[in-house]
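This is run_13.cif (mmCIF, C-alpha atoms).
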data_structure
loop_
_atom_site.label_atom_id
_atom_site.label_comp_id
_atom_site.auth_asym_id
_atom_site.auth_seq_id
_atom_site.Cartn_x
_atom_site.Cartn_y
_atom_site.Cartn_z
CA MET A 169 -17.25 13.47 18.32
CA HIS A 170 -16.84 16.88 16.82
CA LEU A 171 -19.47 19.07 15.21
CA TYR A 172 -18.59 20.30 11.81
CA PHE A 173 -19.44 23.90 11.20
CA PHE A 174 -21.04 24.16 7.77
CA GLY A 175 -21.56 27.41 5.95
CA MET A 176 -24.16 27.47 3.22
CA LEU A 177 -22.52 29.13 0.28
CA SER A 178 -24.56 31.59 -1.72
CA LEU A 179 -25.64 30.09 -5.01
CA SER A 180 -25.53 32.78 -7.62
CA PHE A 181 -25.53 30.10 -10.26
CA LEU A 182 -29.32 30.08 -10.50
CA HIS A 183 -30.64 32.49 -7.91
CA LYS A 184 -29.52 34.01 -4.65
CA VAL A 185 -29.81 31.76 -1.62
CA PRO A 186 -29.46 33.29 1.83
CA LEU A 187 -26.38 32.39 3.83
CA ILE A 188 -27.42 29.81 6.39
CA ARG A 189 -25.25 28.35 9.10
CA SER A 190 -26.19 25.03 10.56
CA PRO A 191 -23.96 22.65 12.44
CA LEU A 192 -24.25 19.24 10.85
CA LEU A 193 -22.61 15.97 11.65
CA PRO A 194 -21.63 14.09 8.54
CA GLN A 195 -24.23 11.31 8.37
CA PRO A 196 -23.36 7.84 7.16
CA SER A 197 -24.61 7.58 3.62
CA SER A 198 -27.26 5.12 2.52
CA THR A 199 -26.02 1.88 1.01
CA SER A 200 -24.23 2.23 -2.27
CA ARG A 201 -26.00 2.48 -5.56
CA LEU A 202 -24.38 1.02 -8.62
CA SER A 203 -22.86 3.67 -10.77
CA PRO A 204 -20.97 1.95 -13.52
CA SER A 205 -21.83 4.92 -15.70
CA LEU A 206 -19.16 7.07 -14.12
CA LEU A 207 -16.57 4.66 -15.39
CA CYS A 208 -18.04 3.81 -18.74
CA PHE A 209 -18.34 6.57 -21.25
CA HIS A 210 -20.35 4.46 -23.63
CA LYS A 211 -23.39 4.14 -21.42
CA PRO A 212 -25.48 7.12 -20.31
CA SER A 213 -25.31 8.18 -16.69
CA PHE A 214 -27.90 6.42 -14.55
CA ARG A 215 -29.19 9.92 -13.86
CA LEU A 216 -30.30 10.57 -17.44
CA PRO A 217 -29.22 14.09 -18.38
CA SER A 218 -32.32 14.62 -20.51
CA ILE A 219 -34.61 14.09 -17.54
CA ARG A 220 -32.46 16.43 -15.48
CA SER A 221 -32.65 19.20 -18.04
CA MET A 222 -36.44 18.92 -18.39
CA ALA A 223 -36.89 19.15 -14.64
CA SER A 224 -34.05 21.62 -14.95
CA GLU A 225 -34.31 24.42 -12.44
CA GLY A 226 -35.67 22.31 -9.59
CA ALA A 227 -33.42 19.30 -9.98
CA GLU A 228 -30.19 21.21 -10.58
CA ASP A 229 -30.98 23.58 -7.74
CA HIS A 230 -31.44 20.60 -5.42
CA ARG A 231 -28.07 19.14 -6.37
CA LEU A 232 -26.27 22.47 -6.02
CA LYS A 233 -27.90 23.16 -2.67
CA ARG A 234 -26.70 19.86 -1.34
CA ILE A 235 -23.19 20.33 -2.77
CA ALA A 236 -22.91 23.79 -1.23
CA SER A 237 -24.22 22.61 2.12
CA THR A 238 -21.52 19.97 2.45
CA ILE A 239 -18.59 22.36 2.03
CA ARG A 240 -17.25 23.60 5.33
CA VAL A 241 -15.52 26.87 6.07
CA ILE A 242 -12.48 26.82 8.33
CA PRO A 243 -11.51 30.24 9.67
CA ASP A 244 -7.89 31.32 9.95
CA PHE A 245 -6.44 28.59 7.76
CA PRO A 246 -3.71 28.50 6.55
CA LYS A 247 -3.23 31.81 8.36
CA PRO A 248 -5.31 34.38 10.33
CA GLY A 249 -7.93 36.21 8.32
CA ILE A 250 -8.40 33.55 5.65
CA LEU A 251 -11.72 31.67 5.49
CA PHE A 252 -10.71 28.32 3.97
CA GLN A 253 -13.30 26.51 1.83
CA ASP A 254 -12.84 22.86 2.72
CA ILE A 255 -14.14 20.32 0.19
CA THR A 256 -13.11 17.28 2.24
CA THR A 257 -16.55 17.30 3.86
CA LEU A 258 -18.13 17.15 0.40
CA LEU A 259 -16.09 14.00 -0.24
CA LEU A 260 -17.61 12.46 2.89
CA GLU A 261 -21.08 12.63 1.30
CA PRO A 262 -21.09 10.10 -1.55
CA GLU A 263 -24.25 11.44 -3.16
CA ALA A 264 -23.04 15.04 -3.09
CA PHE A 265 -19.64 14.04 -4.46
CA ARG A 266 -21.35 12.03 -7.17
CA ASP A 267 -23.62 14.99 -8.03
CA THR A 268 -20.57 17.27 -8.30
CA ILE A 269 -18.93 14.97 -10.81
CA ASP A 270 -22.17 14.27 -12.68
CA MET A 271 -22.88 17.98 -13.17
CA LEU A 272 -19.42 18.55 -14.60
CA VAL A 273 -19.56 15.43 -16.76
CA GLU A 274 -22.93 16.49 -18.16
CA ARG A 275 -21.40 19.79 -19.19
CA TYR A 276 -18.28 18.40 -20.83
CA ARG A 277 -19.16 14.99 -22.26
CA ASP A 278 -20.02 16.21 -25.76
CA LYS A 279 -17.40 18.94 -26.12
CA GLY A 280 -14.64 16.90 -27.79
CA ILE A 281 -12.34 17.29 -24.83
CA SER A 282 -9.37 14.95 -25.03
CA VAL A 283 -7.41 16.13 -21.97
CA VAL A 284 -8.42 16.90 -18.40
CA ALA A 285 -5.60 18.63 -16.53
CA GLY A 286 -5.88 18.64 -12.74
CA VAL A 287 -3.94 20.97 -10.48
CA GLU A 288 -2.17 19.33 -7.54
CA ALA A 289 -3.49 18.26 -5.13
CA ARG A 290 -7.25 18.76 -4.93
CA GLY A 291 -7.56 18.90 -8.70
CA PHE A 292 -6.46 15.25 -8.55
CA ILE A 293 -9.66 14.40 -6.70
CA PHE A 294 -12.10 15.99 -9.16
CA GLY A 295 -10.24 15.70 -12.46
CA PRO A 296 -9.82 11.92 -12.88
CA PRO A 297 -13.49 10.99 -12.38
CA ILE A 298 -14.42 13.55 -15.04
CA ALA A 299 -11.69 12.30 -17.38
CA LEU A 300 -12.80 8.69 -16.92
CA ALA A 301 -16.44 9.50 -17.64
CA ILE A 302 -15.76 11.51 -20.80
CA GLY A 303 -12.99 9.26 -22.12
CA ALA A 304 -10.23 11.87 -21.87
CA LYS A 305 -6.62 11.60 -20.73
CA PHE A 306 -5.83 12.85 -17.26
CA VAL A 307 -2.73 15.02 -16.87
CA PRO A 308 -1.51 15.98 -13.39
CA LEU A 309 -0.05 19.46 -13.05
CA ARG A 310 2.36 19.39 -10.15
CA LYS A 311 4.63 21.34 -7.83
CA PRO A 312 8.32 21.29 -8.77
CA LYS A 313 10.32 18.03 -8.73
CA LYS A 314 7.33 15.74 -8.25
CA LEU A 315 6.94 14.56 -11.83
CA PRO A 316 9.62 12.12 -13.00
CA GLY A 317 10.94 12.49 -16.52
CA GLU A 318 11.13 15.59 -18.66
CA VAL A 319 8.85 18.48 -17.72
CA ILE A 320 8.01 22.02 -18.75
CA SER A 321 7.67 24.56 -16.01
CA GLU A 322 5.59 27.71 -15.55
CA GLU A 323 6.19 30.27 -12.83
CA TYR A 324 3.34 32.13 -11.15
CA SER A 325 2.97 34.73 -8.42
CA LEU A 326 1.96 34.14 -4.85
CA GLU A 327 1.03 36.79 -2.33
CA TYR A 328 4.69 36.75 -1.31
CA GLY A 329 7.09 35.36 -3.88
CA THR A 330 6.51 32.87 -6.66
CA ASP A 331 5.92 29.16 -7.19
CA LYS A 332 6.23 26.84 -10.17
CA MET A 333 3.89 24.38 -11.82
CA GLU A 334 5.11 21.52 -14.01
CA MET A 335 3.66 19.30 -16.74
CA HIS A 336 5.20 16.29 -18.45
CA VAL A 337 6.67 16.85 -21.90
CA GLY A 338 4.66 14.79 -24.37
CA ALA A 339 1.57 14.42 -22.19
CA VAL A 340 -0.43 16.79 -24.38
CA GLN A 341 -0.28 17.20 -28.16
CA ALA A 342 -0.80 20.35 -30.19
CA GLY A 343 -4.44 20.75 -31.16
CA GLU A 344 -5.87 18.87 -28.21
CA ARG A 345 -8.90 20.35 -26.48
CA ALA A 346 -8.29 20.65 -22.75
CA LEU A 347 -10.27 21.18 -19.57
CA VAL A 348 -8.47 22.49 -16.47
CA VAL A 349 -9.88 21.34 -13.13
CA ASP A 350 -9.25 22.48 -9.58
CA ASP A 351 -11.38 22.53 -6.43
CA LEU A 352 -11.40 26.32 -6.13
CA ILE A 353 -10.45 29.52 -7.92
CA ALA A 354 -9.24 32.35 -5.68
CA THR A 355 -6.86 34.87 -7.26
CA GLY A 356 -6.63 32.78 -10.43
CA GLY A 357 -2.83 32.61 -10.43
CA THR A 358 -2.69 28.82 -10.37
CA LEU A 359 -5.29 28.33 -13.08
CA ALA A 360 -3.64 30.93 -15.29
CA ALA A 361 -0.33 29.07 -14.95
CA ALA A 362 -2.07 25.81 -15.83
CA MET A 363 -3.58 27.38 -18.94
CA ARG A 364 -0.22 28.75 -20.03
CA LEU A 365 1.40 25.32 -19.71
CA LEU A 366 -1.25 23.75 -21.92
CA GLU A 367 -1.16 26.56 -24.47
CA ARG A 368 2.64 26.43 -24.68
CA VAL A 369 2.36 22.90 -26.08
CA GLY A 370 -0.34 23.96 -28.50
CA ALA A 371 -3.46 22.72 -26.73
CA GLU A 372 -6.66 24.72 -26.71
CA VAL A 373 -8.02 25.37 -23.23
CA VAL A 374 -11.75 25.01 -23.72
CA GLU A 375 -12.70 25.89 -20.15
CA CYS A 376 -11.54 25.96 -16.54
CA ALA A 377 -13.85 24.17 -14.11
CA CYS A 378 -13.88 24.59 -10.35
CA VAL A 379 -16.27 23.50 -7.64
CA ILE A 380 -15.98 26.87 -5.85
CA GLU A 381 -15.22 30.45 -6.85
CA LEU A 382 -14.31 33.33 -4.52
CA PRO A 383 -15.59 36.08 -6.81
CA GLU A 384 -14.30 38.96 -4.69
CA LEU A 385 -10.77 37.89 -5.54
CA LYS A 386 -11.52 38.41 -9.25
CA GLY A 387 -9.71 35.28 -10.37
CA ARG A 388 -11.69 35.33 -13.62
CA ASP A 389 -9.74 38.38 -14.73
CA LYS A 390 -6.52 36.37 -14.82
CA LEU A 391 -7.93 33.83 -17.26
CA ASP A 392 -7.43 35.99 -20.32
CA GLY A 393 -10.98 35.63 -21.50
CA ARG A 394 -11.01 31.83 -21.22
CA PRO A 395 -14.34 30.63 -19.87
CA LEU A 396 -14.62 29.61 -16.24
CA PHE A 397 -17.38 27.36 -14.94
CA VAL A 398 -18.07 26.94 -11.24
CA LEU A 399 -20.75 25.16 -9.28
CA VAL A 400 -20.88 27.42 -6.23
CA LYS A 401 -19.69 30.90 -5.32
CA ALA A 402 -18.59 31.73 -1.81
CA ALA A 403 -19.10 35.23 -0.53
CA MET B 253 6.14 -5.12 -15.15
CA ALA B 254 4.34 -8.42 -14.54
CA SER B 255 0.68 -9.08 -13.91
CA CYS B 256 -0.07 -10.01 -10.34
CA LYS B 257 -1.01 -13.68 -9.97
CA ASP B 258 -4.56 -12.81 -8.88
CA ASN B 259 -5.20 -11.01 -12.13
CA GLU B 260 -3.19 -13.14 -14.51
CA GLN B 261 -6.38 -14.42 -16.12
CA ASP B 262 -7.75 -10.95 -16.78
CA PRO B 263 -6.70 -9.63 -20.18
CA ARG B 264 -6.99 -6.04 -19.03
CA VAL B 265 -3.97 -6.25 -16.76
CA HIS B 266 -1.47 -6.58 -19.58
CA GLY B 267 -2.53 -3.25 -21.04
CA ILE B 268 -2.27 -1.64 -17.65
CA ALA B 269 1.24 -2.98 -17.05
CA ALA B 270 2.34 -1.90 -20.51
CA ALA B 271 1.12 1.63 -19.91
CA ILE B 272 3.33 2.20 -16.87
CA ARG B 273 6.76 3.61 -17.57
CA VAL B 274 9.96 3.27 -15.56
CA VAL B 275 12.07 6.40 -15.12
CA PRO B 276 15.65 5.64 -14.01
CA ASP B 277 17.47 7.65 -11.35
CA PHE B 278 14.42 9.43 -9.99
CA PRO B 279 14.13 10.97 -7.43
CA LYS B 280 17.81 10.05 -7.01
CA LYS B 281 20.46 7.86 -8.59
CA GLY B 282 19.82 4.16 -8.42
CA ILE B 283 16.05 4.37 -8.00
CA MET B 284 13.93 3.02 -10.86
CA PHE B 285 10.76 5.08 -10.51
CA ARG B 286 7.47 3.49 -11.61
CA ASP B 287 5.53 6.30 -13.28
CA ILE B 288 1.76 5.89 -13.50
CA THR B 289 1.21 9.17 -15.33
CA THR B 290 1.53 7.32 -18.63
CA LEU B 291 -1.29 5.01 -17.51
CA LEU B 292 -3.44 8.11 -16.93
CA LEU B 293 -2.75 9.17 -20.54
CA ASN B 294 -4.41 5.98 -21.76
CA PRO B 295 -8.13 6.35 -21.04
CA LYS B 296 -8.96 2.68 -21.66
CA ALA B 297 -6.13 1.40 -19.47
CA PHE B 298 -6.93 3.88 -16.69
CA ARG B 299 -10.58 2.90 -16.81
CA ASN B 300 -9.66 -0.79 -16.75
CA ALA B 301 -7.49 -0.28 -13.68
CA VAL B 302 -10.31 1.44 -11.83
CA ASP B 303 -12.84 -1.15 -13.02
CA LEU B 304 -10.68 -4.01 -11.73
CA PHE B 305 -10.73 -2.48 -8.25
CA VAL B 306 -14.41 -1.55 -8.38
CA GLU B 307 -15.40 -5.07 -9.44
CA ARG B 308 -13.53 -6.44 -6.47
CA TYR B 309 -14.97 -4.06 -3.88
CA LEU B 310 -18.60 -3.60 -4.98
CA GLY B 311 -20.92 -5.33 -2.57
CA LYS B 312 -18.26 -5.68 0.15
CA ASP B 313 -19.82 -2.96 2.35
CA ILE B 314 -16.79 -0.73 2.17
CA THR B 315 -17.84 2.60 3.66
CA VAL B 316 -14.54 4.49 3.38
CA VAL B 317 -11.88 4.74 0.70
CA ALA B 318 -8.75 6.43 2.06
CA GLY B 319 -6.32 7.71 -0.55
CA ILE B 320 -2.74 8.65 0.21
CA GLU B 321 -1.46 11.97 -1.08
CA ALA B 322 -0.81 12.57 -3.87
CA ARG B 323 -1.24 9.68 -6.31
CA GLY B 324 -3.75 7.91 -4.07
CA LEU B 325 -5.93 10.98 -4.66
CA ILE B 326 -6.07 10.01 -8.33
CA PHE B 327 -7.09 6.36 -7.94
CA GLY B 328 -9.13 6.51 -4.74
CA PRO B 329 -12.00 8.86 -5.68
CA PRO B 330 -13.16 6.99 -8.81
CA ILE B 331 -13.32 3.80 -6.74
CA ALA B 332 -15.17 5.56 -3.91
CA LEU B 333 -17.67 7.09 -6.32
CA ALA B 334 -18.42 3.78 -7.98
CA ILE B 335 -18.92 1.83 -4.76
CA GLY B 336 -20.76 4.60 -2.90
CA ALA B 337 -18.15 5.07 -0.18
CA LYS B 338 -16.81 8.23 1.47
CA PHE B 339 -13.44 9.40 0.20
CA ILE B 340 -10.85 10.53 2.73
CA PRO B 341 -7.56 12.11 1.71
CA LEU B 342 -4.60 11.20 3.89
CA ARG B 343 -2.14 14.05 3.59
CA LYS B 344 1.29 15.38 4.40
CA PRO B 345 1.46 17.67 7.43
CA LYS B 346 -0.32 21.04 7.46
CA LYS B 347 -2.32 20.47 4.29
CA LEU B 348 -5.63 19.51 5.88
CA PRO B 349 -7.49 22.41 7.48
CA GLY B 350 -9.34 21.75 10.71
CA GLU B 351 -8.49 19.27 13.40
CA VAL B 352 -6.34 16.29 12.43
CA ILE B 353 -4.74 13.22 13.88
CA SER B 354 -1.17 12.53 12.87
CA GLU B 355 0.92 9.36 12.43
CA LYS B 356 4.68 9.36 12.10
CA TYR B 357 6.50 6.88 9.91
CA ASP B 358 10.11 6.17 8.97
CA LEU B 359 11.82 7.09 5.75
CA GLU B 360 15.16 5.82 4.53
CA TYR B 361 16.66 8.93 6.16
CA GLY B 362 14.52 10.53 8.83
CA SER B 363 10.76 10.39 9.18
CA ASP B 364 7.55 11.92 7.85
CA CYS B 365 3.96 12.26 8.99
CA LEU B 366 0.58 11.42 7.55
CA GLU B 367 -2.57 13.25 8.72
CA MET B 368 -6.32 12.54 8.67
CA HIS B 369 -9.23 14.76 9.64
CA VAL B 370 -10.81 14.13 13.01
CA GLY B 371 -14.37 12.92 12.50
CA ALA B 372 -13.92 11.79 8.91
CA VAL B 373 -14.07 8.17 9.97
CA GLN B 374 -16.60 6.69 12.41
CA PRO B 375 -15.96 3.64 14.58
CA GLY B 376 -17.08 0.61 12.62
CA ASP B 377 -16.38 2.08 9.20
CA ARG B 378 -14.96 -0.54 6.80
CA ALA B 379 -12.00 1.01 5.03
CA LEU B 380 -10.03 0.43 1.86
CA VAL B 381 -6.63 2.13 1.61
CA VAL B 382 -5.54 3.12 -1.89
CA ASP B 383 -2.20 4.26 -3.28
CA ASP B 384 -0.52 3.94 -6.67
CA LEU B 385 2.34 1.81 -5.39
CA ILE B 386 3.57 -0.14 -2.36
CA ALA B 387 7.34 -0.08 -1.82
CA THR B 388 8.56 -0.50 1.77
CA GLY B 389 5.00 -0.30 3.11
CA GLY B 390 5.76 2.50 5.58
CA THR B 391 3.17 4.88 4.21
CA LEU B 392 0.43 2.25 3.99
CA CYS B 393 1.20 1.15 7.55
CA ALA B 394 0.85 4.75 8.75
CA ALA B 395 -2.47 5.00 6.90
CA MET B 396 -3.71 1.82 8.58
CA ASN B 397 -2.71 3.15 11.99
CA LEU B 398 -4.60 6.40 11.44
CA LEU B 399 -7.76 4.59 10.40
CA GLU B 400 -7.59 2.09 13.24
CA ARG B 401 -6.98 4.83 15.80
CA ALA B 402 -10.25 6.38 14.63
CA GLY B 403 -12.02 3.05 15.09
CA ALA B 404 -12.27 1.90 11.49
CA ASN B 405 -11.60 -1.62 10.30
CA VAL B 406 -9.06 -1.69 7.47
CA VAL B 407 -10.45 -4.37 5.18
CA GLU B 408 -7.79 -4.30 2.45
CA PHE B 409 -5.05 -2.30 0.77
CA ALA B 410 -5.29 -1.68 -2.95
CA CYS B 411 -2.34 -0.55 -5.08
CA VAL B 412 -1.73 -0.54 -8.79
CA ILE B 413 1.91 -1.63 -8.41
CA GLU B 414 3.91 -3.65 -5.88
CA LEU B 415 7.69 -3.79 -5.59
CA PRO B 416 7.77 -7.22 -3.96
CA GLU B 417 11.51 -7.21 -3.25
CA LEU B 418 10.96 -4.42 -0.74
CA LYS B 419 8.63 -6.68 1.27
CA GLY B 420 6.08 -3.96 1.98
CA ARG B 421 3.47 -6.64 2.70
CA ASP B 422 5.25 -7.47 5.95
CA LYS B 423 4.31 -4.07 7.36
CA LEU B 424 0.58 -4.56 6.87
CA LYS B 425 -0.09 -6.57 10.03
CA GLY B 426 -1.49 -9.45 8.03
CA LYS B 427 -4.16 -7.37 6.28
CA PRO B 428 -4.70 -8.32 2.65
CA LEU B 429 -3.07 -6.38 -0.15
CA HIS B 430 -4.51 -6.43 -3.64
CA ILE B 431 -2.37 -5.27 -6.54
CA LEU B 432 -2.67 -5.23 -10.31
CA VAL B 433 0.98 -5.48 -11.35
CA GLU B 434 4.25 -6.58 -9.80
CA SER B 435 7.43 -4.83 -10.73
CA ARG B 436 10.91 -6.23 -10.12
#
Written as structure tokens, how would this file's structure read?
Amino acid sequence: MHLYFFGMLSLSFLHKVPLIRSPLLPQPSSTSRLSPSLLCFHKPSFRLPSIRSMASEGAEDHRLKRIASTIRVIPDFPKPGILFQDITTLLLEPEAFRDTIDMLVERYRDKGISVVAGVEARGFIFGPPIALAIGAKFVPLRKPKKLPGEVISEEYSLEYGTDKMEMHVGAVQAGERALVVDDLIATGGTLAAAMRLLERVGAEVVECACVIELPELKGRDKLDGRPLFVLVKAA
Amino acid sequence: MASCKDNEQDPRVHGIAAAIRVVPDFPKKGIMFRDITTLLLNPKAFRNAVDLFVERYLGKDITVVAGIEARGLIFGPPIALAIGAKFIPLRKPKKLPGEVISEKYDLEYGSDCLEMHVGAVQPGDRALVVDDLIATGGTLCAAMNLLERAGANVVEFACVIELPELKGRDKLKGKPLHILVESR
């Protein structure tokens, strides 16, 4: 049995929380609660948003604290010197994963968003549940040669060299309101490429949403003024 | 695309089947690729597909949903969220940070590997394996092996599409497979 090393990410969303490190084993979650609401955009979420906003600071803070505490930091991945923010441990905590989606759904459900675009691969984990709950299409944005059929392609810079991101022709119509989703924003190169793909076909990118931001890498600056919403920031 | 016999009575399956497109000669000549991205563009059909799985697995004490990269990452999480299970991504080599276990499997030419995080699954976990499609069954078999090596019990496999002529079911060691549509 291995101990996971969890770093508590600083929450500048509401107020500063000190960085705490505590080793935690992922605990088996309590038995499932019905959540048909995540799948049905006609019914309200079983966690009524209005109650959440009245209890606002306390309730949201509790959800964010738990979300942040489940994310683990892996040093020297994929290479020495990088502290990798690993969301797979968040996915092992059903209530924290549910809170993550609920908080994003609460933000976007009344914004007339018709497309959620998720960046391969971890954007595929967070994007579809949001799309399902708000009644939007889900569009996967993928590495080259993965999407069958006709695609448009957008190049973007890496630390060394470039990569390409592709979207299906015809997936998105001009005038659609789009949300871009990924697990994390670092330098912002990937999200900027995603935005360009959507804008090239005439969609309006309403916002980019990530679970985690690495603010020191100034990814926001690449988004050309488009709003970015994140749940936690990692120092 | 035909409705699977299990679901023939359910009117939702026809819409799901109709929303899937076939792209010829992808990724290479002679292959008729079943493309679920058009299903994802149809919110009602996508929701129906997820609902059909959730209705089947609610109340079955499934504690883990394992989704196979990449398209299993699209269908698995909504199911996991609705039934209150953990979600575990099973990924190509070198994608998962941290310590992993690895399972090799055969391709038409050569082989590939599937990886899972150490500690994600506990002995006794009841697991559902999810992917968009079962073809030869090699990937699903590798997924089953990973989960069983970690001590989980694979309860069932769930895929949107089956290509029955490729006999993928034979690789599943008798474990049940539940699909929504058959494609010949």
Residues selected by the PyMOL selection byres ((chain B) within 7 of (chain A)), written as a PDB file with C-alpha atoms, keeping the file's coordinate frame:
ATOM      1  CA  VAL B 275      12.070   6.400 -15.120  1.00  0.00           C
ATOM      2  CA  PHE B 278      14.420   9.430  -9.990  1.00  0.00           C
ATOM      3  CA  LEU B 292      -3.440   8.110 -16.930  1.00  0.00           C
ATOM      4  CA  LEU B 293      -2.750   9.170 -20.540  1.00  0.00           C
ATOM      5  CA  ASN B 294      -4.410   5.980 -21.760  1.00  0.00           C
ATOM      6  CA  PRO B 295      -8.130   6.350 -21.040  1.00  0.00           C
ATOM      7  CA  ARG B 299     -10.580   2.900 -16.810  1.00  0.00           C
ATOM      8  CA  ALA B 322      -0.810  12.570  -3.870  1.00  0.00           C
ATOM      9  CA  LEU B 325      -5.930  10.980  -4.660  1.00  0.00           C
ATOM     10  CA  ILE B 326      -6.070  10.010  -8.330  1.00  0.00           C
ATOM     11  CA  PRO B 329     -12.000   8.860  -5.680  1.00  0.00           C
ATOM     12  CA  PRO B 330     -13.160   6.990  -8.810  1.00  0.00           C
ATOM     13  CA  LEU B 333     -17.670   7.090  -6.320  1.00  0.00           C
ATOM     14  CA  ALA B 334     -18.420   3.780  -7.980  1.00  0.00           C
ATOM     15  CA  ILE B 335     -18.920   1.830  -4.760  1.00  0.00           C
ATOM     16  CA  GLY B 336     -20.760   4.600  -2.900  1.00  0.00           C
ATOM     17  CA  ALA B 337     -18.150   5.070  -0.180  1.00  0.00           C
ATOM     18  CA  LYS B 338     -16.810   8.230   1.470  1.00  0.00           C
ATOM     19  CA  PHE B 339     -13.440   9.400   0.200  1.00  0.00           C
ATOM     20  CA  ILE B 340     -10.850  10.530   2.730  1.00  0.00           C
ATOM     21  CA  PRO B 349      -7.490  22.410   7.480  1.00  0.00           C
ATOM     22  CA  GLY B 350      -9.340  21.750  10.710  1.00  0.00           C
ATOM     23  CA  GLY B 371     -14.370  12.920  12.500  1.00  0.00           C
TER      24      GLY B 371
END
Taking all atoms of range 368-383 of chain A that appear in the file, build a box with edges along x, y and z, extend it by 6 Å on every side, and state its centre and edge lengths in Å to one decimal, as AutoDock Vina command-line options.
--center_x -6.8 --center_y 29.4 --center_z -16.5 --size_x 30.9 --size_y 25.4 --size_z 36.0
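Evaluating the PyMOL selection byres ((chain B and resi 351) around 6) against the shown model yields Gly350, Val352, His369 and Val370 of chain B.
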Residues within 10 Å of (1.4, 18.5, 2.5), counting all atoms listed in the file, listed as number ranges by chain:
A: 289; B: 321-322, 342-348, 365-367
The selected residues should be written to file as a compact mmCIF listing (two decimals), keeping the file's coordinate frame (atoms: C-alpha atoms).
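again.txt, freshly written:
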# COMPACT_ATOMS: atom_id res chain seq x y z
CA ALA A 289 -3.49 18.26 -5.13
CA GLU B 321 -1.46 11.97 -1.08
CA ALA B 322 -0.81 12.57 -3.87
CA LEU B 342 -4.60 11.20 3.89
CA ARG B 343 -2.14 14.05 3.59
CA LYS B 344 1.29 15.38 4.40
CA PRO B 345 1.46 17.67 7.43
CA LYS B 346 -0.32 21.04 7.46
CA LYS B 347 -2.32 20.47 4.29
CA LEU B 348 -5.63 19.51 5.88
CA CYS B 365 3.96 12.26 8.99
CA LEU B 366 0.58 11.42 7.55
CA GLU B 367 -2.57 13.25 8.72
Could you check how far CA of Lys311 in chain A sits from CA of Val348 in chain A, in Å to one decimal?
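Distance between the two atoms: 15.7 Å.
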Which residues fall under the PyMOL selection byres ((chain B and resi 264) around 8) in this file, as a list in words?
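Going through the file, the PyMOL selection byres ((chain B and resi 264) around 8) ends up selecting Asp262, Pro263, Val265, His266, Gly267, Ile268, Ala297, Asn300 and Ala301 of chain B.
In this model, the gap between CA of Leu398 in chain B and CA of Ala318 in chain B comes to 10.3 Å.
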note - CA of Thr391 in chain B and CA of Gly319 in chain B are separated by 11.0 Å
So, with all atoms listed in the file as the atoms that count, which of A:Leu396, A:Ala403, A:Leu272, A:Ile239 lies closest to Ala360 in chain A?
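The closest residue to Ala360 in chain A is A:Leu396.
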Leaving out Ala410 in chain B and any residue of its chain fewer than 6 positions from it, which residues lie within 12 Å of it when counting only C-alpha atoms, given as a PyMOL selection string?
chain B and resi 301-302+304-306+308-309+317-320+324+327-328+331+379-386+392+421+424+427-433
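You can rank B:Thr388, B:Gly420, B:Ile314, B:Ala395 by their closest distance to Met368 in chain B using only C-alpha atoms, and at the top of that list sits B:Ala395.
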